[in-house]
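Q: File name run10.tsv; file contents TSV, C-alpha atoms and all ligand atoms; full text below.
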chain	number	residue	atom	x	y	z
A	1	MET	CA	-13.29	-4.26	17.17
A	2	LYS	CA	-12.53	-1.20	15.01
A	3	VAL	CA	-9.65	1.05	16.09
A	4	GLY	CA	-9.42	4.68	15.03
A	5	VAL	CA	-5.74	5.58	14.68
A	6	LEU	CA	-4.66	9.22	14.68
A	7	GLY	CA	-1.48	11.29	14.54
A	8	ALA	CA	-1.04	15.06	14.45
A	9	VAL	CA	1.93	15.40	12.11
A	10	PRO	CA	2.18	13.59	8.72
A	11	GLU	CA	5.39	11.77	9.68
A	12	GLU	CA	3.66	10.26	12.73
A	13	VAL	CA	1.27	8.31	10.50
A	14	GLU	CA	3.43	7.98	7.37
A	15	LEU	CA	4.59	4.37	7.76
A	16	LEU	CA	1.21	3.32	9.16
A	17	ASN	CA	-0.39	4.69	5.98
A	18	GLN	CA	2.16	2.75	3.91
A	19	ASP	CA	1.51	-0.50	5.79
A	20	LEU	CA	-2.28	-0.17	5.77
A	21	ALA	CA	-3.96	-2.56	3.38
A	22	ALA	CA	-6.56	0.06	2.51
A	23	ALA	CA	-9.98	-1.14	1.41
A	24	GLY	CA	-11.23	2.40	0.87
A	25	LYS	CA	-11.07	6.02	1.85
A	26	ASP	CA	-13.22	9.07	2.47
A	27	ILE	CA	-12.04	12.63	2.00
A	28	VAL	CA	-14.22	14.87	4.11
A	29	GLY	CA	-13.78	18.05	6.14
A	30	ASN	CA	-10.22	18.56	4.92
A	31	ARG	CA	-9.09	15.12	6.11
A	32	THR	CA	-8.57	11.70	4.56
A	33	TYR	CA	-9.93	8.69	6.46
A	34	ARG	CA	-8.54	5.39	5.20
A	35	PHE	CA	-10.09	2.05	6.15
A	36	GLY	CA	-8.65	-1.41	6.13
A	37	ARG	CA	-6.41	-3.78	8.05
A	38	LEU	CA	-3.23	-2.71	9.74
A	39	TYR	CA	-1.06	-5.46	11.29
A	40	GLY	CA	-4.15	-7.69	11.36
A	41	GLN	CA	-6.38	-5.13	13.07
A	42	GLU	CA	-9.40	-3.44	11.50
A	43	VAL	CA	-8.69	0.32	11.55
A	44	ILE	CA	-9.67	3.75	10.33
A	45	LEU	CA	-6.51	5.82	9.98
A	46	ALA	CA	-6.36	9.61	9.70
A	47	HIS	CA	-3.96	12.51	9.94
A	48	ALA	CA	-5.76	14.75	12.45
A	49	ARG	CA	-3.42	17.76	12.23
A	50	MET	CA	-2.23	19.80	15.20
A	51	GLY	CA	-4.19	21.26	18.10
A	52	LYS	CA	-7.21	20.39	20.20
A	53	VAL	CA	-9.89	21.48	17.72
A	54	ALA	CA	-8.29	19.58	14.82
A	55	ALA	CA	-7.98	16.48	17.00
A	56	ALA	CA	-11.54	16.75	18.33
A	57	ILE	CA	-13.02	17.12	14.83
A	58	THR	CA	-11.20	14.03	13.63
A	59	ALA	CA	-11.90	11.92	16.71
A	60	THR	CA	-15.59	12.81	16.60
A	61	ARG	CA	-15.84	11.63	13.00
A	62	LEU	CA	-14.05	8.38	13.87
A	63	LEU	CA	-16.66	7.68	16.52
A	64	GLU	CA	-19.85	9.03	14.97
A	65	THR	CA	-19.36	8.25	11.27
A	66	TYR	CA	-17.10	5.20	11.30
A	67	GLY	CA	-18.07	3.59	14.60
A	68	ALA	CA	-14.59	3.26	16.14
A	69	ASP	CA	-14.61	1.21	19.34
A	70	LEU	CA	-11.27	2.61	20.50
A	71	VAL	CA	-9.26	5.69	19.51
A	72	LEU	CA	-5.48	5.43	19.53
A	73	PHE	CA	-3.42	8.61	19.22
A	74	VAL	CA	0.29	8.22	18.52
A	75	GLY	CA	2.89	10.93	18.20
A	76	VAL	CA	5.46	13.07	19.93
A	77	ALA	CA	5.46	15.31	23.02
A	78	GLY	CA	7.70	17.65	24.98
A	79	ALA	CA	9.09	16.49	28.33
A	80	VAL	CA	7.73	18.19	31.45
A	81	ALA	CA	8.97	15.95	34.29
A	82	PRO	CA	12.73	16.18	34.89
A	83	ASP	CA	13.11	12.38	34.78
A	84	VAL	CA	11.60	12.12	31.29
A	85	SER	CA	14.10	12.20	28.40
A	86	ILE	CA	14.09	12.50	24.63
A	87	GLY	CA	13.21	9.10	23.14
A	88	ASP	CA	11.16	7.93	26.15
A	89	ILE	CA	7.67	6.65	25.44
A	90	VAL	CA	4.89	7.97	27.67
A	91	VAL	CA	1.56	6.12	27.85
A	92	ALA	CA	-1.16	8.39	29.21
A	93	SER	CA	-2.79	7.10	32.37
A	94	GLU	CA	-4.62	10.43	32.70
A	95	LEU	CA	-5.02	13.47	30.44
A	96	MET	CA	-5.71	17.12	31.25
A	97	GLN	CA	-6.09	20.33	29.24
A	98	HIS	CA	-3.44	22.60	30.74
A	99	ASP	CA	-4.90	25.67	29.03
A	100	MET	CA	-8.49	25.15	30.26
A	101	ASP	CA	-9.30	28.02	32.60
A	102	ALA	CA	-12.93	29.07	33.07
A	103	ARG	CA	-12.33	30.76	36.42
A	104	PRO	CA	-14.23	32.17	38.26
A	105	LEU	CA	-17.05	30.06	36.88
A	106	PHE	CA	-15.20	26.76	37.40
A	107	PRO	CA	-11.92	25.80	39.07
A	108	GLN	CA	-8.83	26.10	36.89
A	109	TYR	CA	-8.45	23.06	34.53
A	110	GLU	CA	-11.99	21.78	35.17
A	111	ILE	CA	-13.87	21.05	31.93
A	112	PRO	CA	-17.05	23.11	32.27
A	113	LEU	CA	-20.07	20.98	33.10
A	114	LEU	CA	-18.14	17.71	33.17
A	115	ASP	CA	-17.28	18.11	36.88
A	116	SER	CA	-13.75	16.90	36.29
A	117	ASP	CA	-10.36	18.07	35.11
A	118	ARG	CA	-8.83	14.69	34.25
A	119	PHE	CA	-9.74	11.92	31.83
A	120	THR	CA	-8.54	8.47	32.85
A	121	VAL	CA	-7.44	5.56	30.68
A	122	ASP	CA	-8.42	1.92	31.09
A	123	PRO	CA	-5.67	0.09	33.07
A	124	ASP	CA	-5.64	-2.91	30.69
A	125	LEU	CA	-5.02	-0.60	27.74
A	126	ILE	CA	-2.20	1.13	29.63
A	127	GLU	CA	-0.62	-2.23	30.44
A	128	GLY	CA	-0.76	-3.38	26.81
A	129	ALA	CA	0.65	-0.08	25.58
A	130	LEU	CA	3.53	-0.24	28.06
A	131	GLU	CA	4.35	-3.78	26.95
A	132	ALA	CA	4.31	-2.66	23.30
A	133	ALA	CA	6.47	0.39	24.10
A	134	GLN	CA	9.02	-1.61	26.09
A	135	GLY	CA	9.22	-4.25	23.37
A	136	TYR	CA	9.73	-1.56	20.75
A	137	ILE	CA	12.56	0.12	22.68
A	138	GLN	CA	14.36	-3.12	23.46
A	139	GLU	CA	13.99	-5.01	20.21
A	140	ASP	CA	13.00	-2.81	17.28
A	141	LEU	CA	14.49	0.63	17.92
A	142	PRO	CA	18.11	-0.52	17.55
A	143	ARG	CA	17.19	-1.89	14.10
A	144	ASP	CA	15.19	1.19	13.03
A	145	ILE	CA	17.74	3.83	14.01
A	146	SER	CA	21.51	3.32	13.93
A	147	SER	CA	23.51	3.75	17.13
A	148	ALA	CA	25.30	6.82	15.69
A	149	GLN	CA	21.97	8.41	14.85
A	150	ARG	CA	20.50	7.45	18.25
A	151	GLU	CA	23.45	9.14	19.90
A	152	SER	CA	23.09	12.30	17.85
A	153	LEU	CA	19.36	12.42	18.69
A	154	GLY	CA	20.16	12.02	22.40
A	155	LEU	CA	18.45	8.61	22.67
A	156	THR	CA	20.86	7.24	25.25
A	157	SER	CA	18.73	4.77	27.23
A	158	PRO	CA	15.08	5.31	26.36
A	159	LYS	CA	12.40	3.93	28.68
A	160	ALA	CA	8.62	3.43	28.69
A	161	LEU	CA	6.49	4.89	31.45
A	162	SER	CA	2.91	5.90	32.13
A	163	GLY	CA	1.50	9.01	33.76
A	164	LEU	CA	-0.31	12.28	33.27
A	165	ILE	CA	-0.12	13.86	29.81
A	166	VAL	CA	-1.24	17.47	29.47
A	167	SER	CA	-2.51	19.08	26.28
A	168	GLY	CA	-3.02	22.66	25.13
A	169	ASP	CA	-3.04	24.83	22.05
A	170	GLN	CA	0.55	25.96	22.48
A	171	PHE	CA	3.86	24.53	21.39
A	172	ILE	CA	5.81	24.88	24.65
A	173	HIS	CA	9.28	26.30	24.06
A	174	ASP	CA	9.66	29.04	26.69
A	175	PRO	CA	11.34	27.72	29.85
A	176	ARG	CA	9.12	30.02	31.96
A	177	HIS	CA	5.97	28.52	30.45
A	178	LEU	CA	7.33	25.02	31.01
A	179	ALA	CA	8.17	25.86	34.64
A	180	GLU	CA	4.65	27.19	35.17
A	181	ILE	CA	3.07	23.98	33.82
A	182	HIS	CA	5.40	21.91	36.00
A	183	ARG	CA	4.64	24.00	39.09
A	184	HIS	CA	0.84	23.83	38.62
A	185	LEU	CA	0.74	20.20	37.48
A	186	PRO	CA	3.74	18.53	39.14
A	187	ASP	CA	2.70	15.01	38.11
A	188	ALA	CA	2.64	15.89	34.37
A	189	LYS	CA	5.11	13.75	32.43
A	190	CYS	CA	4.88	15.46	29.05
A	191	VAL	CA	3.00	18.08	27.07
A	192	GLU	CA	1.42	17.93	23.63
A	193	MET	CA	-1.44	19.54	21.74
A	194	GLU	CA	-4.16	16.93	21.15
A	195	GLY	CA	-4.42	14.02	23.59
A	196	ALA	CA	-6.77	15.49	26.20
A	197	ALA	CA	-9.11	16.78	23.48
A	198	VAL	CA	-9.39	13.27	22.03
A	199	ALA	CA	-9.87	11.95	25.57
A	200	GLN	CA	-12.76	14.36	26.11
A	201	VAL	CA	-14.46	13.35	22.85
A	202	CYS	CA	-14.05	9.68	23.77
A	203	ALA	CA	-15.22	10.17	27.37
A	204	GLU	CA	-18.34	12.01	26.22
A	205	HIS	CA	-19.11	9.14	23.81
A	206	GLN	CA	-18.13	6.51	26.41
A	207	ILE	CA	-15.52	5.02	24.10
A	208	PRO	CA	-12.03	4.14	25.37
A	209	CYS	CA	-8.99	6.01	24.17
A	210	LEU	CA	-5.26	5.45	24.34
A	211	VAL	CA	-2.61	8.15	23.90
A	212	ILE	CA	1.01	7.08	23.38
A	213	ARG	CA	3.66	9.76	23.01
A	214	THR	CA	7.37	9.66	22.30
A	215	VAL	CA	9.36	12.53	23.76
A	216	SER	CA	10.86	14.63	20.95
A	217	ASP	CA	12.10	17.63	22.93
A	218	ARG	CA	12.37	19.16	26.38
A	219	ALA	CA	9.74	21.91	25.79
A	220	ASP	CA	12.54	24.47	26.25
A	221	GLY	CA	14.35	27.02	24.09
A	222	LYS	CA	15.67	24.20	21.85
A	223	ALA	CA	12.26	22.56	21.45
A	224	GLY	CA	11.55	23.83	17.94
A	225	LYS	CA	14.76	22.45	16.52
A	226	ASP	CA	14.71	19.21	18.55
A	227	PHE	CA	11.10	18.58	17.52
A	228	SER	CA	11.85	19.05	13.81
A	229	VAL	CA	14.90	16.77	13.90
A	230	PHE	CA	13.04	14.07	15.85
A	231	ILE	CA	10.04	14.24	13.50
A	232	GLU	CA	12.34	13.97	10.50
A	233	GLN	CA	14.56	11.16	11.81
A	234	ALA	CA	12.68	9.10	14.40
A	235	ALA	CA	8.94	9.71	14.91
A	236	ARG	CA	7.77	7.55	12.00
A	237	TYR	CA	9.62	4.48	13.32
A	238	TYR	CA	8.32	4.82	16.86
A	239	SER	CA	4.70	5.10	15.62
A	240	ARG	CA	4.99	2.06	13.38
A	241	GLY	CA	6.77	-0.09	15.95
A	242	ILE	CA	4.49	0.75	18.86
A	243	VAL	CA	1.27	0.29	16.88
A	244	ARG	CA	2.50	-2.98	15.34
A	245	ARG	CA	3.38	-4.41	18.73
A	246	LEU	CA	0.18	-3.16	20.35
A	247	PHE	CA	-2.03	-4.72	17.68
A	248	SER	CA	-0.23	-8.04	18.08
A	249	LEU	CA	-1.56	-8.05	21.66
A	250	PHE	CA	-5.22	-7.44	20.67
A	301	LIG	N1	4.72	18.17	20.91
A	301	LIG	C1	6.02	17.88	20.86
A	301	LIG	N2	6.75	18.77	21.55
A	301	LIG	C2	5.86	19.66	22.05
A	301	LIG	C3	6.00	20.84	22.82
A	301	LIG	N3	7.19	21.26	23.23
A	301	LIG	N4	4.86	21.52	23.15
A	301	LIG	C4	3.66	21.09	22.72
A	301	LIG	N5	3.49	20.00	21.98
A	301	LIG	C5	4.58	19.29	21.65
How does this structure look as structure tokens?
A:
Amino acid sequence: MKVGVLGAVPEEVELLNQDLAAAGKDIVGNRTYRFGRLYGQEVILAHARMGKVAAAITATRLLETYGADLVLFVGVAGAVAPDVSIGDIVVASELMQHDMDARPLFPQYEIPLLDSDRFTVDPDLIEGALEAAQGYIQEDLPRDISSAQRESLGLTSPKALSGLIVSGDQFIHDPRHLAEIHRHLPDAKCVEMEGAAVAQVCAEHQIPCLVIRTVSDRADGKAGKDFSVFIEQAARYYSRGIVRRLFSLF
């Protein structure tokens, strides 16, 4: 099995890139694809960059050029559900594009001509990802980030959960926008900018995908600052720890 591993922000793939025993690389279409073994797993690793188009371009290449059998997207997200906190890990069970709106031709959120507004994730993959996320929080996180730093980041008692992740080409930081997403999609756990695009690419190629997000901010007026601090101080450790634990289960 060959796993395509993606992140949107350089820090999200930084330690994975360091740990990859790279056998080669391709630089094409403004992206670097590195091949090799990561924690014993054959992978193609790339920095996709932010947004649905960037993610879709990169995921498509992973599938069509490099023959990935699974695409794994790791990175951060903003909380949408009130019971989701900074530092929690959300494994997507379903993904939607919250900015898809082709009304009156199709119902709001429906992907035109796919007859559906949600992409679902294989239950066995969700289970493995939750196990990896829980293991990371309990055993590795306290070693990666000191208790003083965890406190200053607001990582009081992080948890792993699964649920709906919504994606769109906006960084959500206006409380009114957040409230609108929550009102329209009350089961959404968190919001990001790539996952549902990767899920669509994978669904249309009939290849499984897995999206695992750590909550960096509350998608509110403080989101910009919280995001930057979390990316700088924590995101790289979460990505490495989750992926390492997940691959040990494959
Ligand atoms: N990724 C991390 N935080 C986010 C936010 N608030 N909106 C969109 N994507 C995000």
Q: For A:Leu164, please output as a PDB file with C-alpha atoms, in the coordinates of the input all residues within 9 Å (counting all atoms listed in the file; exclusion window: fewer than 3 positions along the same chain).
A:
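The file below, part_20.pdb, is the result:
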ATOM      1  CA  VAL A  90       4.890   7.970  27.670  1.00  0.00           C
ATOM      2  CA  VAL A  91       1.560   6.120  27.850  1.00  0.00           C
ATOM      3  CA  ALA A  92      -1.160   8.390  29.210  1.00  0.00           C
ATOM      4  CA  SER A  93      -2.790   7.100  32.370  1.00  0.00           C
ATOM      5  CA  GLU A  94      -4.620  10.430  32.700  1.00  0.00           C
ATOM      6  CA  LEU A  95      -5.020  13.470  30.440  1.00  0.00           C
ATOM      7  CA  MET A  96      -5.710  17.120  31.250  1.00  0.00           C
ATOM      8  CA  ARG A 118      -8.830  14.690  34.250  1.00  0.00           C
ATOM      9  CA  ASP A 187       2.700  15.010  38.110  1.00  0.00           C
ATOM     10  CA  ALA A 188       2.640  15.890  34.370  1.00  0.00           C
ATOM     11  CA  LYS A 189       5.110  13.750  32.430  1.00  0.00           C
ATOM     12  CA  CYS A 190       4.880  15.460  29.050  1.00  0.00           C
TER      13      CYS A 190
END
Q: Ligand LIG 301 (chain A): which residues are within 8 Å, counting all atoms listed in the file? Reply as a list in words.
A: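 Listing the residues within 8 Å of ligand LIG 301 (chain A) gives Gly75, Val76, Ala77, Gly78, Ala79, Ser167, Gly168, Asp169, Gln170, Phe171, Ile172, His173, Val191, Glu192, Met193, Val215, Ser216, Asp217, Arg218, Ala219, Asp220, Ala223, Gly224 and Phe227 of chain A.
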Q: Could you check how far atom CA of A:Ile212 sits from atom CA of A:Thr65, in Å to one decimal?
A: 23.7 Å
Q: Quick one: everything within 9 Å of A:Thr32, counting only C-alpha atoms, minus sequence neighbours fewer than 3 positions away in the same chain. Send it as a list of chain:residue names.
A: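 Final neighbour list, sorted by chain and number: A:Lys25, A:Asp26, A:Ile27, A:Val28, A:Gly29, A:Leu45, A:Ala46, A:His47, A:Ala48.
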Q: Please produce a file of the residues just selected, as a PDB file, in the frame of the given file, where the atoms kept are C-alpha atoms.
A:
ATOM      1  CA  LYS A  25     -11.070   6.020   1.850  1.00  0.00           C
ATOM      2  CA  ASP A  26     -13.220   9.070   2.470  1.00  0.00           C
ATOM      3  CA  ILE A  27     -12.040  12.630   2.000  1.00  0.00           C
ATOM      4  CA  VAL A  28     -14.220  14.870   4.110  1.00  0.00           C
ATOM      5  CA  GLY A  29     -13.780  18.050   6.140  1.00  0.00           C
ATOM      6  CA  LEU A  45      -6.510   5.820   9.980  1.00  0.00           C
ATOM      7  CA  ALA A  46      -6.360   9.610   9.700  1.00  0.00           C
ATOM      8  CA  HIS A  47      -3.960  12.510   9.940  1.00  0.00           C
ATOM      9  CA  ALA A  48      -5.760  14.750  12.450  1.00  0.00           C
TER      10      ALA A  48
END
Q: Give me the stretch 23-124 of chain A side of the contact with stretch 131-148 of chain A, cut-off 12 Å, one line per residue showing its nearest atom pair and distance in Å at one decimal, counting all atoms listed in the file, sorted by chain and residue number, as JSON lines.
A:
{"residue": "A:Val74", "atom": "CA", "partner": "A:Ala133", "partner_atom": "CA", "distance": 11.4}
{"residue": "A:Gly87", "atom": "CA", "partner": "A:Ile137", "partner_atom": "CA", "distance": 9.0}
{"residue": "A:Asp88", "atom": "CA", "partner": "A:Ile137", "partner_atom": "CA", "distance": 8.7}
{"residue": "A:Ile89", "atom": "CA", "partner": "A:Ala133", "partner_atom": "CA", "distance": 6.5}
{"residue": "A:Val90", "atom": "CA", "partner": "A:Ala133", "partner_atom": "CA", "distance": 8.5}
{"residue": "A:Val91", "atom": "CA", "partner": "A:Ala133", "partner_atom": "CA", "distance": 8.4}
{"residue": "A:Asp124", "atom": "CA", "partner": "A:Glu131", "partner_atom": "CA", "distance": 10.7}
Q: Expressed in Å to a single decimal, how great is the separation between atom CA of A:Met1 and atom CA of A:Gly36?
A: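 These two atoms are separated by 12.3 Å.
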Q: Smallest atom-to-atom distance to A:His177: which of A:Tyr39, A:Glu110, A:Leu20, A:Asp99, using all atoms listed in the file?
A: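 For A:His177, the nearest of the given residues is A:Asp99.
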Q: Would you mind completing stretch 19-32 of chain A so that it carries N, CA, C and O atoms, and writing it out as a PDB file, in the coordinates of the input?
A:
ATOM      1  N   ASP A  19       1.739   0.911   5.432  1.00  0.00           N
ATOM      2  CA  ASP A  19       1.510  -0.500   5.790  1.00  0.00           C
ATOM      3  C   ASP A  19       0.040  -0.884   5.772  1.00  0.00           C
ATOM      4  O   ASP A  19      -0.292  -2.064   5.853  1.00  0.00           O
ATOM      5  N   LEU A  20      -0.845   0.114   5.739  1.00  0.00           N
ATOM      6  CA  LEU A  20      -2.280  -0.170   5.770  1.00  0.00           C
ATOM      7  C   LEU A  20      -2.711  -0.814   4.453  1.00  0.00           C
ATOM      8  O   LEU A  20      -2.449  -0.265   3.372  1.00  0.00           O
ATOM      9  N   ALA A  21      -3.348  -1.960   4.566  1.00  0.00           N
ATOM     10  CA  ALA A  21      -3.960  -2.560   3.380  1.00  0.00           C
ATOM     11  C   ALA A  21      -5.328  -1.898   3.254  1.00  0.00           C
ATOM     12  O   ALA A  21      -6.319  -2.347   3.835  1.00  0.00           O
ATOM     13  N   ALA A  22      -5.358  -0.777   2.514  1.00  0.00           N
ATOM     14  CA  ALA A  22      -6.560   0.060   2.510  1.00  0.00           C
ATOM     15  C   ALA A  22      -7.639  -0.534   1.620  1.00  0.00           C
ATOM     16  O   ALA A  22      -7.396  -0.865   0.467  1.00  0.00           O
ATOM     17  N   ALA A  23      -8.842  -0.652   2.188  1.00  0.00           N
ATOM     18  CA  ALA A  23      -9.980  -1.140   1.410  1.00  0.00           C
ATOM     19  C   ALA A  23     -10.769   0.025   0.855  1.00  0.00           C
ATOM     20  O   ALA A  23     -11.607  -0.147  -0.029  1.00  0.00           O
ATOM     21  N   GLY A  24     -10.507   1.232   1.358  1.00  0.00           N
ATOM     22  CA  GLY A  24     -11.230   2.400   0.870  1.00  0.00           C
ATOM     23  C   GLY A  24     -10.839   3.639   1.616  1.00  0.00           C
ATOM     24  O   GLY A  24     -10.080   3.569   2.585  1.00  0.00           O
ATOM     25  N   LYS A  25     -11.339   4.768   1.131  1.00  0.00           N
ATOM     26  CA  LYS A  25     -11.070   6.020   1.850  1.00  0.00           C
ATOM     27  C   LYS A  25     -12.188   7.017   1.632  1.00  0.00           C
ATOM     28  O   LYS A  25     -12.926   6.920   0.637  1.00  0.00           O
ATOM     29  N   ASP A  26     -12.296   7.944   2.554  1.00  0.00           N
ATOM     30  CA  ASP A  26     -13.220   9.070   2.470  1.00  0.00           C
ATOM     31  C   ASP A  26     -12.408  10.333   2.624  1.00  0.00           C
ATOM     32  O   ASP A  26     -11.553  10.388   3.515  1.00  0.00           O
ATOM     33  N   ILE A  27     -12.669  11.328   1.775  1.00  0.00           N
ATOM     34  CA  ILE A  27     -12.040  12.630   2.000  1.00  0.00           C
ATOM     35  C   ILE A  27     -13.160  13.572   2.381  1.00  0.00           C
ATOM     36  O   ILE A  27     -14.078  13.819   1.591  1.00  0.00           O
ATOM     37  N   VAL A  28     -13.124  14.027   3.625  1.00  0.00           N
ATOM     38  CA  VAL A  28     -14.220  14.870   4.110  1.00  0.00           C
ATOM     39  C   VAL A  28     -13.680  15.821   5.178  1.00  0.00           C
ATOM     40  O   VAL A  28     -12.815  15.452   5.968  1.00  0.00           O
ATOM     41  N   GLY A  29     -14.178  17.063   5.133  1.00  0.00           N
ATOM     42  CA  GLY A  29     -13.780  18.050   6.140  1.00  0.00           C
ATOM     43  C   GLY A  29     -12.278  18.258   6.179  1.00  0.00           C
ATOM     44  O   GLY A  29     -11.708  18.384   7.263  1.00  0.00           O
ATOM     45  N   ASN A  30     -11.647  18.258   4.981  1.00  0.00           N
ATOM     46  CA  ASN A  30     -10.220  18.560   4.920  1.00  0.00           C
ATOM     47  C   ASN A  30      -9.319  17.436   5.423  1.00  0.00           C
ATOM     48  O   ASN A  30      -8.148  17.660   5.686  1.00  0.00           O
ATOM     49  N   ARG A  31      -9.886  16.249   5.610  1.00  0.00           N
ATOM     50  CA  ARG A  31      -9.090  15.120   6.110  1.00  0.00           C
ATOM     51  C   ARG A  31      -9.373  13.873   5.280  1.00  0.00           C
ATOM     52  O   ARG A  31     -10.465  13.724   4.738  1.00  0.00           O
ATOM     53  N   THR A  32      -8.384  12.979   5.245  1.00  0.00           N
ATOM     54  CA  THR A  32      -8.570  11.700   4.560  1.00  0.00           C
ATOM     55  C   THR A  32      -8.652  10.601   5.600  1.00  0.00           C
ATOM     56  O   THR A  32      -7.757  10.470   6.444  1.00  0.00           O
TER      57      THR A  32
END
